[in-house]
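Novice: What follows is the file input.cif, containing mmCIF, C-alpha atoms:
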```cif
data_start
loop_
_atom_site.label_atom_id
_atom_site.label_comp_id
_atom_site.auth_asym_id
_atom_site.auth_seq_id
_atom_site.Cartn_x
_atom_site.Cartn_y
_atom_site.Cartn_z
CA MET V 1 84.68 126.30 65.07
CA GLU V 2 83.08 123.11 63.91
CA ALA V 3 79.33 123.28 63.87
CA LEU V 4 77.91 120.79 66.32
CA TYR V 5 75.28 118.36 65.25
CA LYS V 6 71.82 119.58 66.11
CA ASN V 7 69.85 116.64 67.42
CA ILE V 8 66.07 116.63 67.38
CA HIS V 9 66.08 115.49 70.97
CA GLN V 10 68.93 117.72 72.09
CA GLU V 11 67.05 118.78 75.21
CA ILE V 12 66.61 115.20 76.37
CA ILE V 13 70.25 114.46 75.63
CA ASP V 14 71.32 117.44 77.72
CA GLN V 15 69.15 116.25 80.58
CA CYS V 16 70.76 112.82 80.31
CA ARG V 17 74.14 114.50 80.71
CA GLN V 18 72.94 115.65 84.12
CA GLY V 19 72.00 112.08 85.00
CA ASN V 20 68.26 112.65 84.78
CA GLU V 21 66.75 109.18 84.95
CA LYS V 22 63.48 110.20 83.31
CA ALA V 23 65.34 111.67 80.36
CA GLN V 24 67.45 108.52 80.10
CA PHE V 25 64.33 106.40 79.92
CA GLN V 26 62.85 108.77 77.35
CA LEU V 27 65.94 108.42 75.21
CA TYR V 28 65.67 104.64 75.48
CA LYS V 29 62.09 104.83 74.23
CA LEU V 30 63.20 106.93 71.28
CA TYR V 31 66.07 104.72 70.17
CA TYR V 32 65.47 101.20 71.44
CA LYS V 33 63.85 99.87 68.26
CA ALA V 34 66.65 100.95 65.97
CA MET V 35 69.31 99.77 68.41
CA TYR V 36 67.57 96.48 69.08
CA SER V 37 67.34 95.94 65.33
CA VAL V 38 71.10 96.39 65.04
CA CYS V 39 71.66 93.89 67.83
CA ILE V 40 69.25 91.28 66.55
CA ARG V 41 70.79 91.38 63.07
CA ILE V 42 74.27 90.87 64.44
CA LEU V 43 73.47 88.42 67.21
CA ASN V 44 70.39 86.62 65.82
CA ASP V 45 69.17 85.87 69.34
CA GLU V 46 66.36 87.82 70.96
CA MET V 47 67.44 87.50 74.58
CA GLU V 48 71.05 88.26 73.84
CA ALA V 49 70.11 91.15 71.58
CA GLU V 50 67.92 92.75 74.24
CA ASP V 51 70.58 92.35 76.87
CA VAL V 52 73.36 93.80 74.72
CA MET V 53 71.12 96.65 73.56
CA GLN V 54 70.21 97.62 77.12
CA GLU V 55 73.81 97.33 78.33
CA ALA V 56 74.86 99.56 75.45
CA PHE V 57 72.34 102.18 76.55
CA LEU V 58 73.66 102.05 80.11
CA LYS V 59 77.21 102.38 78.85
CA ALA V 60 76.19 105.30 76.65
CA PHE V 61 74.63 107.10 79.63
CA LYS V 62 77.75 106.50 81.65
CA LYS V 63 80.02 108.03 79.04
CA ILE V 64 77.60 110.57 77.62
CA ASP V 65 80.14 113.29 78.44
CA THR V 66 82.33 111.93 75.65
CA TYR V 67 79.57 112.66 73.11
CA LYS V 68 80.67 116.00 71.73
CA GLY V 69 78.04 116.28 69.00
CA GLU V 70 80.27 115.72 65.95
CA VAL V 71 77.75 113.16 64.68
CA SER V 72 74.11 112.58 65.44
CA PHE V 73 73.37 111.05 68.80
CA GLY V 74 71.85 108.06 67.07
CA ALA V 75 75.04 107.43 65.09
CA TRP V 76 77.12 107.74 68.25
CA LEU V 77 74.86 105.38 70.14
CA LYS V 78 74.77 102.92 67.24
CA LYS V 79 78.56 102.71 67.26
CA ILE V 80 78.46 101.59 70.87
CA VAL V 81 75.67 99.13 70.09
CA VAL V 82 77.54 97.66 67.12
CA ASN V 83 80.77 97.30 69.09
CA ARG V 84 79.01 95.67 72.02
CA SER V 85 77.13 93.30 69.73
CA LEU V 86 80.30 92.26 67.96
CA ASP V 87 82.05 91.72 71.30
CA GLN V 88 79.18 89.48 72.31
CA LEU V 89 79.29 87.62 69.02
CA LYS V 90 83.04 87.09 69.36
CA LYS V 91 82.35 85.40 72.70
CA ARG V 92 80.57 82.74 70.67
CA LYS V 93 83.86 82.20 68.84
CA VAL V 94 82.43 83.18 65.53
CA GLN V 95 85.13 83.17 62.88
CA PHE V 96 84.88 85.91 60.36
CA GLU V 97 85.94 83.93 57.40
CA GLU V 98 89.09 84.91 55.56
CA VAL V 99 88.37 84.19 51.96
CA ASN V 100 90.92 82.74 49.59
CA GLU V 101 91.67 85.36 46.96
CA ARG V 102 91.28 82.84 44.13
CA ASN V 103 87.67 82.19 45.06
CA SER V 104 86.88 85.81 45.57
CA GLN V 105 85.47 86.36 42.10
CA ILE V 106 81.88 85.49 42.50
CA ALA V 107 79.30 86.09 39.87
CA GLU V 108 76.40 88.17 40.93
CA TYR V 109 73.00 86.93 40.11
CA GLN V 110 70.83 89.52 38.61
CA MET V 111 67.21 89.42 39.42
CA GLU V 112 64.30 91.53 38.58
CA THR V 113 63.14 93.79 41.29
CA LYS V 114 60.07 92.43 42.94
CA GLU V 115 58.13 93.55 45.92
CA VAL V 116 59.09 91.44 48.87
CA ASN V 117 57.47 91.36 52.25
CA VAL V 118 59.79 92.88 54.85
CA ASN V 119 59.31 89.96 57.22
CA THR V 120 60.52 87.67 54.48
CA ILE V 121 63.68 89.76 54.20
CA LYS V 122 64.18 89.73 57.95
CA LYS V 123 63.79 85.98 58.09
CA ALA V 124 66.14 85.51 55.16
CA ILE V 125 68.79 87.68 56.83
CA GLN V 126 68.39 85.67 60.01
CA LYS V 127 69.07 82.47 58.12
CA LEU V 128 72.45 83.70 56.89
CA PRO V 129 75.57 82.29 58.58
CA ASP V 130 77.00 84.63 61.26
CA GLY V 131 79.87 86.00 59.16
CA TYR V 132 77.73 86.75 56.11
CA ARG V 133 74.93 88.22 58.16
CA VAL V 134 77.22 90.58 60.05
CA VAL V 135 79.02 91.88 56.97
CA LEU V 136 75.79 92.32 55.04
CA SER V 137 74.12 94.10 57.95
CA LEU V 138 77.03 96.41 58.62
CA TYR V 139 77.44 97.29 54.94
CA LEU V 140 73.90 97.51 53.65
CA ILE V 141 71.99 98.59 56.72
CA GLU V 142 74.39 100.19 59.18
CA GLY V 143 76.25 102.01 56.42
CA TYR V 144 79.80 100.92 57.22
CA ASP V 145 82.25 100.77 54.33
CA HIS V 146 84.57 97.83 53.65
CA ASP V 147 87.52 99.53 55.31
CA GLU V 148 85.55 100.03 58.49
CA ILE V 149 84.18 96.49 58.39
CA SER V 150 87.60 94.96 57.82
CA GLN V 151 88.93 96.96 60.75
CA ILE V 152 86.10 96.18 63.11
CA LEU V 153 86.02 92.46 62.30
CA GLY V 154 89.73 91.97 61.88
CA ILE V 155 89.48 90.70 58.32
CA SER V 156 90.91 92.01 55.06
CA ASN V 157 89.13 94.52 52.88
CA SER V 158 88.77 92.01 50.05
CA SER V 159 87.41 89.42 52.42
CA SER V 160 84.77 91.88 53.51
CA ARG V 161 83.81 92.48 49.87
CA THR V 162 83.68 88.78 49.12
CA GLN V 163 81.58 87.98 52.14
CA LEU V 164 79.16 90.70 51.18
CA LEU V 165 78.78 89.23 47.68
CA ARG V 166 78.27 85.75 49.07
CA ALA V 167 75.78 87.02 51.58
CA LYS V 168 73.84 88.78 48.89
CA ASN V 169 73.80 85.70 46.68
CA LYS V 170 72.65 83.56 49.55
CA LEU V 171 69.94 86.03 50.37
CA ARG V 172 68.85 86.09 46.77
CA GLU V 173 68.59 82.31 46.70
CA GLN V 174 66.57 82.32 49.86
CA LEU V 175 64.22 84.97 48.62
CA LYS V 176 63.84 83.08 45.36
CA ASP V 177 62.95 79.92 47.27
CA GLU V 178 60.54 81.88 49.34
CA GLU V 179 58.98 83.23 46.18
CA ILE V 180 58.52 79.80 44.70
CA PHE V 181 57.25 78.57 47.98
CA SER V 182 54.72 81.38 48.25
CA TYR V 183 53.57 80.89 44.68
CA ASN V 184 52.93 77.22 45.26
CA MET U 1 80.28 101.34 39.74
CA LYS U 2 77.24 99.43 38.73
CA GLU U 3 73.75 100.21 39.74
CA LYS U 4 72.33 99.04 43.01
CA ASP U 5 71.44 95.40 42.76
CA TYR U 6 68.23 93.76 43.73
CA ILE U 7 69.21 92.95 47.30
CA GLU U 8 70.53 96.42 47.97
CA GLU U 9 67.37 97.83 46.57
CA ILE U 10 64.94 95.82 48.62
CA ILE U 11 66.96 96.48 51.76
CA LEU U 12 67.09 100.20 51.16
CA LYS U 13 63.41 100.21 50.39
CA ASN U 14 62.61 98.47 53.66
CA LEU U 15 65.27 100.11 55.79
CA GLU U 16 62.79 101.76 58.08
CA GLU U 17 60.93 98.57 58.77
CA LEU U 18 64.14 96.61 59.08
CA ASN U 19 65.03 98.94 61.93
CA ASP U 20 61.66 98.56 63.56
CA ASN U 21 62.11 95.41 65.59
CA GLU U 22 60.44 95.13 68.95
CA PRO U 23 62.19 93.32 71.80
CA GLN U 24 60.28 90.79 73.88
CA ASP U 25 57.57 92.00 76.22
CA GLY U 26 58.71 93.45 79.51
CA HIS U 27 61.90 94.99 78.12
CA PHE U 28 60.88 98.44 79.39
CA GLU U 29 60.59 97.11 82.94
CA ARG U 30 63.84 95.19 82.62
CA PHE U 31 65.63 98.28 81.36
CA GLU U 32 64.11 100.49 84.03
CA ALA U 33 65.40 98.12 86.70
CA LYS U 34 68.89 98.13 85.17
CA LEU U 35 68.82 101.91 84.84
CA LYS U 36 67.76 102.36 88.45
CA ASN U 37 70.45 99.98 89.56
CA GLN U 38 73.12 101.85 87.62
CA ASN U 39 71.99 105.23 88.89
CA LYS U 40 71.87 103.91 92.44
CA LYS U 41 75.43 102.69 92.08
CA LYS U 42 76.36 106.10 90.76
CA LYS U 43 74.73 107.77 93.74
CA PHE U 44 76.49 105.33 96.00
CA THR U 45 79.85 106.09 94.50
CA LEU U 46 79.01 109.78 94.78
CA ASN U 47 78.21 109.14 98.42
CA VAL U 48 81.51 107.39 98.85
CA ALA U 49 83.21 110.28 97.11
CA TRP U 50 81.65 112.66 99.62
CA LYS U 51 82.79 110.48 102.48
CA VAL U 52 86.30 110.34 101.07
CA ALA U 53 86.26 114.11 100.64
CA ALA U 54 85.10 114.52 104.23
CA ALA U 55 87.81 112.16 105.42
CA VAL U 56 90.42 114.10 103.45
CA VAL U 57 89.21 117.38 104.97
CA PHE U 58 89.33 115.80 108.42
CA VAL U 59 92.87 114.55 107.88
CA LEU U 60 93.93 117.96 106.58
CA LEU U 61 92.44 119.62 109.66
CA ALA U 62 94.17 117.11 111.91
CA VAL U 63 97.48 117.66 110.14
CA ASN U 64 96.92 121.39 110.44
CA GLN U 65 96.32 121.04 114.16
CA VAL U 66 99.51 119.04 114.55
CA ALA U 67 101.34 121.61 112.45
CA ILE U 68 100.05 124.41 114.68
CA TYR U 69 101.01 122.41 117.75
CA MET U 70 104.49 121.84 116.35
CA SER U 71 104.84 125.39 115.02
CA PRO U 72 107.80 127.53 116.26
CA ASP U 73 105.73 129.25 118.98
CA LYS U 74 104.78 125.98 120.59
CA LEU U 75 108.19 124.60 119.91
CA THR U 76 109.86 127.31 121.97
CA THR U 77 107.46 126.77 124.84
CA LYS U 78 108.19 123.09 124.54
CA ILE U 79 111.89 123.85 124.70
CA ALA U 80 111.14 126.09 127.65
CA ASN U 81 109.36 123.17 129.28
CA VAL U 82 112.38 121.02 128.67
CA LYS U 83 114.52 123.82 130.11
CA ASN U 84 112.32 123.75 133.20
CA ASP U 85 113.23 120.15 133.70
CA ILE U 86 116.92 120.80 133.26
CA SER U 87 118.82 121.00 136.50
CA LEU U 88 122.01 119.62 138.03
CA GLY U 89 120.60 116.12 137.66
CA SER U 90 120.82 116.45 133.89
CA VAL U 91 124.58 117.05 134.07
CA SER U 92 125.64 113.84 135.82
CA GLU U 93 124.47 111.23 138.30
CA GLU U 94 126.76 112.61 141.03
CA TYR U 95 125.28 116.07 140.68
CA GLU U 96 121.83 114.48 140.69
CA GLU U 97 122.60 113.00 144.11
CA VAL U 98 123.80 116.37 145.37
CA GLU U 99 120.68 117.97 143.99
CA ILE U 100 118.41 115.38 145.61
CA TYR U 101 120.19 116.02 148.96
CA TYR U 102 119.65 119.78 148.71
CA THR U 103 116.02 119.61 147.51
CA ASN U 104 115.17 117.11 150.24
CA ALA U 105 116.89 119.27 152.87
CA ILE U 106 115.12 122.38 151.57
CA ASP U 107 111.80 120.52 151.53
CA ALA U 108 112.42 119.40 155.12
CA GLY U 109 113.15 123.00 156.10
CA LEU U 110 109.98 124.19 154.42
CA THR U 111 107.96 121.44 156.12
CA GLN U 112 109.34 122.68 159.43
CA TRP U 113 108.38 126.20 158.44
CA ASN U 114 104.87 125.00 157.63
CA THR U 115 104.55 123.18 160.99
CA LEU U 116 105.70 126.32 162.76
CA ASN U 117 103.21 128.27 160.74
CA ASN U 118 100.43 125.88 161.69
CA GLU U 119 101.48 126.19 165.33
CA GLY U 120 101.02 129.93 165.02
CA PHE U 121 104.65 130.97 165.42
CA ILE U 122 104.72 132.80 162.12
CA SER U 123 103.03 136.11 161.61
CA ALA U 124 101.41 137.06 158.30
CA GLU U 125 104.23 139.55 157.80
CA GLU U 126 106.84 136.86 158.20
CA GLN U 127 104.97 134.55 155.84
CA GLU U 128 104.90 137.28 153.23
CA MET U 129 108.62 137.81 153.61
CA MET U 130 109.20 134.10 153.17
CA ASP U 131 106.99 134.00 150.09
CA THR U 132 108.86 136.89 148.43
CA GLU U 133 112.13 135.24 149.36
CA LEU U 134 111.03 131.92 147.83
CA ALA U 135 109.71 133.67 144.74
CA GLU U 136 113.08 135.35 144.31
CA PHE U 137 114.77 131.99 144.66
CA GLU U 138 112.41 130.61 142.03
CA ILE U 139 113.36 133.37 139.59
CA ARG U 140 117.05 132.84 140.26
CA PHE U 141 116.57 129.10 139.75
CA LYS U 142 114.86 129.64 136.38
CA ASP U 143 117.77 131.85 135.24
CA LEU U 144 120.23 129.19 136.28
CA GLN U 145 118.23 126.49 134.49
CA GLU U 146 118.36 128.49 131.28
CA ASP U 147 122.07 129.04 131.69
CA LEU U 148 122.57 125.36 132.31
CA ALA U 149 120.48 124.42 129.27
CA ALA U 150 122.61 126.74 127.15
CA ASN U 151 125.93 125.56 128.66
CA PRO U 152 125.34 122.11 130.16
CA ASN U 153 129.02 121.50 130.88
CA ASP U 154 130.01 124.94 132.08
CA GLU U 155 131.61 124.56 135.52
CA ARG U 156 130.68 128.12 136.47
CA VAL U 157 126.99 127.48 135.88
CA ILE U 158 127.17 124.20 137.82
CA ASN U 159 128.92 125.94 140.69
CA ALA U 160 126.36 128.75 140.61
CA MET U 161 123.63 126.12 140.81
CA LEU U 162 125.34 124.46 143.77
CA GLU U 163 125.75 127.85 145.45
CA TYR U 164 122.11 128.56 144.83
CA TYR U 165 121.06 125.37 146.60
CA GLN U 166 123.50 126.01 149.42
CA THR U 167 122.25 129.56 149.89
CA LYS U 168 118.59 128.56 149.72
CA LEU U 169 119.08 125.76 152.21
CA GLY U 170 121.23 127.99 154.40
CA ILE U 171 118.68 130.79 154.54
CA ILE U 172 115.73 128.45 155.11
CA ASN U 173 117.63 126.57 157.81
CA MET U 174 118.71 129.81 159.42
CA ILE U 175 115.14 131.16 159.50
CA VAL U 176 113.70 127.87 160.70
CA ASN U 177 116.41 127.52 163.37
CA LYS U 178 115.80 131.06 164.56
CA LEU U 179 112.09 130.32 164.76
CA GLU U 180 112.78 127.06 166.59
CA GLU U 181 114.91 129.05 169.06
CA VAL U 182 112.11 131.53 169.54
CA LYS U 183 109.68 128.68 169.97
CA GLN U 184 111.95 127.03 172.53
CA GLN U 185 112.41 130.27 174.43
CA GLN U 186 108.66 130.78 174.51
CA LYS U 187 108.21 127.25 175.80
CA ASN U 188 110.85 127.87 178.46
CA THR U 189 109.25 131.13 179.62
CA GLU U 190 105.88 129.41 179.67
CA HIS U 191 107.46 126.66 181.73
CA GLU U 192 109.03 129.17 184.08
CA ILE U 193 105.70 130.93 184.50
CA GLU U 194 104.09 127.61 185.29
CA ILE U 195 106.70 126.95 187.91
#
```
Using C-alpha cells, write down the structure that the file contains.
Specialist:
Amino acid sequence: MEALYKNIHQEIIDQCRQGNEKAQFQLYKLYYKAMYSVCIRILNDEMEAEDVMQEAFLKAFKKIDTYKGEVSFGAWLKKIVVNRSLDQLKKRKVQFEEVNERNSQIAEYQMETKEVNVNTIKKAIQKLPDGYRVVLSLYLIEGYDHDEISQILGISNSSSRTQLLRAKNKLREQLKDEEIFSYN
Amino acid sequence: MKEKDYIEEIILKNLEELNDNEPQDGHFERFEAKLKNQNKKKKFTLNVAWKVAAAVVFVLLAVNQVAIYMSPDKLTTKIANVKNDISLGSVSEEYEEVEIYYTNAIDAGLTQWNTLNNEGFISAEEQEMMDTELAEFEIRFKDLQEDLAANPNDERVINAMLEYYQTKLGIINMIVNKLEEVKQQQKNTEHEIEI
C-alpha cells in the first residue's frame, strides 16, 4: 500500500473532514498567507486575490473527502488555489501569448548575484504583464514544470519556456533600474 | 543544464518571504462569515435531506398500508363484500324488478309482524322462532349469493333464488295471516263479550 503523506496538521485536517468549523478556521490561519501569495501573484489585485483565496478554502472544505493524502495538504490546497486564480484571470480575457518559434531564442542576460530587498522583487513581479507574471510565478515559485504550465494555460511547451525567459529578462531589467534608482 | 541564473536565485532565496503576503485587514472576519454561511447551507441541506428521508419513510409506510389493505386476505373479504351485494338484480333488470317486488313484500310482512309484536300478539317464544327462521333464511340467502356469484347465468341458481324469495314471502305471509286471524278472532270474542 502506498504510504500516505503525513501532514504536520493531520489532526486539524481530520477534524475538518468532520465539518468542524473551528478546525476549518484554524486551517485557514495556517495556510492563508501562502495561498494568498499564490493568488496575488497570479491576479495582481488584492481584493480579487483575497476573494479567490477564500473561495478556494471553502471549496477545499467542501471536497476535503477527495483529499486522500497522496501529497501534502498544502500542495493539494495550492492546486485548487492556482486553478481558481487562473479561472478568475481568464475572466479578464487575459491571453496567454503564443510565441512565434522564430523569436523564441532569447539571450539571457547574466548578472552578478546581488542582495535584493524582497519587497523590490515583489513589486517587480507585480509590474510584469499578466502572461509573463503567471508563467514565472508558476514555474519559479509554485514549482510547476513547463508541461504542466502549458497544459494549465492552454499554450505550447515552447511558449511556456519562452515566456519564462522573457519574464526573467524583464524582471532583471526592472531590478537593474531599481538598483540604479536606489543608488542615485 | 546551466546553473541557476540570477533571477532564479533571488527568488529561491526569498521564497519564504514571497509566500508571506498578508491580505487586507478584516479578512479573518470576512472569511469567518463566508465559512459560517457555507456551513449553515450545509446544515440546511442536511436538514432538507432529513426531511426528504422522513417523507420517503412516510410514503413507504403509506404504500405498505395500501399493500396490506390490498393483500389477498383483504382482497377475499372485499370479494366477499361484493358477493354480498350480488343478488338477482345483478343478473338482469327484469330479475331486479322481481327481486324488488319480493323484498318489498317480505319487508311489508315483517312490518306487519313488528306491529303485531308491538300490539302484544306475539309471545317471546314466537319471536324467537321467527328470529331463528329468519336467521336460517339469511344463511340460505348467503349460500345462494355465493352460488350466483360463481355462476351468474346459471338458470338453476336463479330459480333457486326465486324459490327462496317465494318461500320466505310465503312463510312470512302465512305466519302474519295466521296471527291476523288470531287477532281478529280475539277482537270478535272481545266484541261478543262486550255485547
Novice: Output, as lines of an AutoDock Vina configuration file, the centre and edge lengths in Å (one decimal) of the axis-aligned box that contains all listed atoms of stretch 34-43 of chain V with 8 Å of margin on each side.
Specialist:
```
center_x = 70.5
center_y = 94.7
center_z = 66.1
size_x = 23.6
size_y = 28.5
size_z = 22.0
```
Novice: If you apply the PyMOL selection byres ((chain U) within 6 of (chain V)) to this file, what residues do you get, as JSON, numbers by chain?
Specialist: {"U": [6, 19, 20, 21, 22]}
Novice: What residues come out when you apply the PyMOL selection byres ((chain U and resi 147-151) around 9) to this file, written as a compact mmCIF listing (two decimals) with C-alpha atoms, in the coordinates of the input?
Specialist:
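The new file part-v9.txt reads:
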```txt
# COMPACT_ATOMS: atom_id res chain seq x y z
CA VAL U 82 112.38 121.02 128.67
CA LYS U 83 114.52 123.82 130.11
CA ILE U 86 116.92 120.80 133.26
CA SER U 87 118.82 121.00 136.50
CA LEU U 88 122.01 119.62 138.03
CA VAL U 91 124.58 117.05 134.07
CA LYS U 142 114.86 129.64 136.38
CA ASP U 143 117.77 131.85 135.24
CA LEU U 144 120.23 129.19 136.28
CA GLN U 145 118.23 126.49 134.49
CA GLU U 146 118.36 128.49 131.28
CA PRO U 152 125.34 122.11 130.16
CA ASN U 153 129.02 121.50 130.88
CA ASP U 154 130.01 124.94 132.08
CA GLU U 155 131.61 124.56 135.52
CA VAL U 157 126.99 127.48 135.88
CA ILE U 158 127.17 124.20 137.82
CA MET U 161 123.63 126.12 140.81
```
Novice: What's the separation between atom CA of U:Gln166 and atom CA of U:Val182, in Å to one decimal place?
Specialist: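 Separation between atom CA of U:Gln166 and atom CA of U:Val182: 23.8 Å.
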Novice: In Å to one decimal, how far is atom CA of U:Tyr164 from atom CA of U:Ile122?
Specialist: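 Computing it gives 24.9 Å between the two atoms.
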Novice: Could you check how far atom CA of U:Ala53 sits from atom CA of V:Ala60, in Å to one decimal?
Specialist: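 Atom-to-atom, atom CA of U:Ala53 and atom CA of V:Ala60 are spaced 27.5 Å apart.
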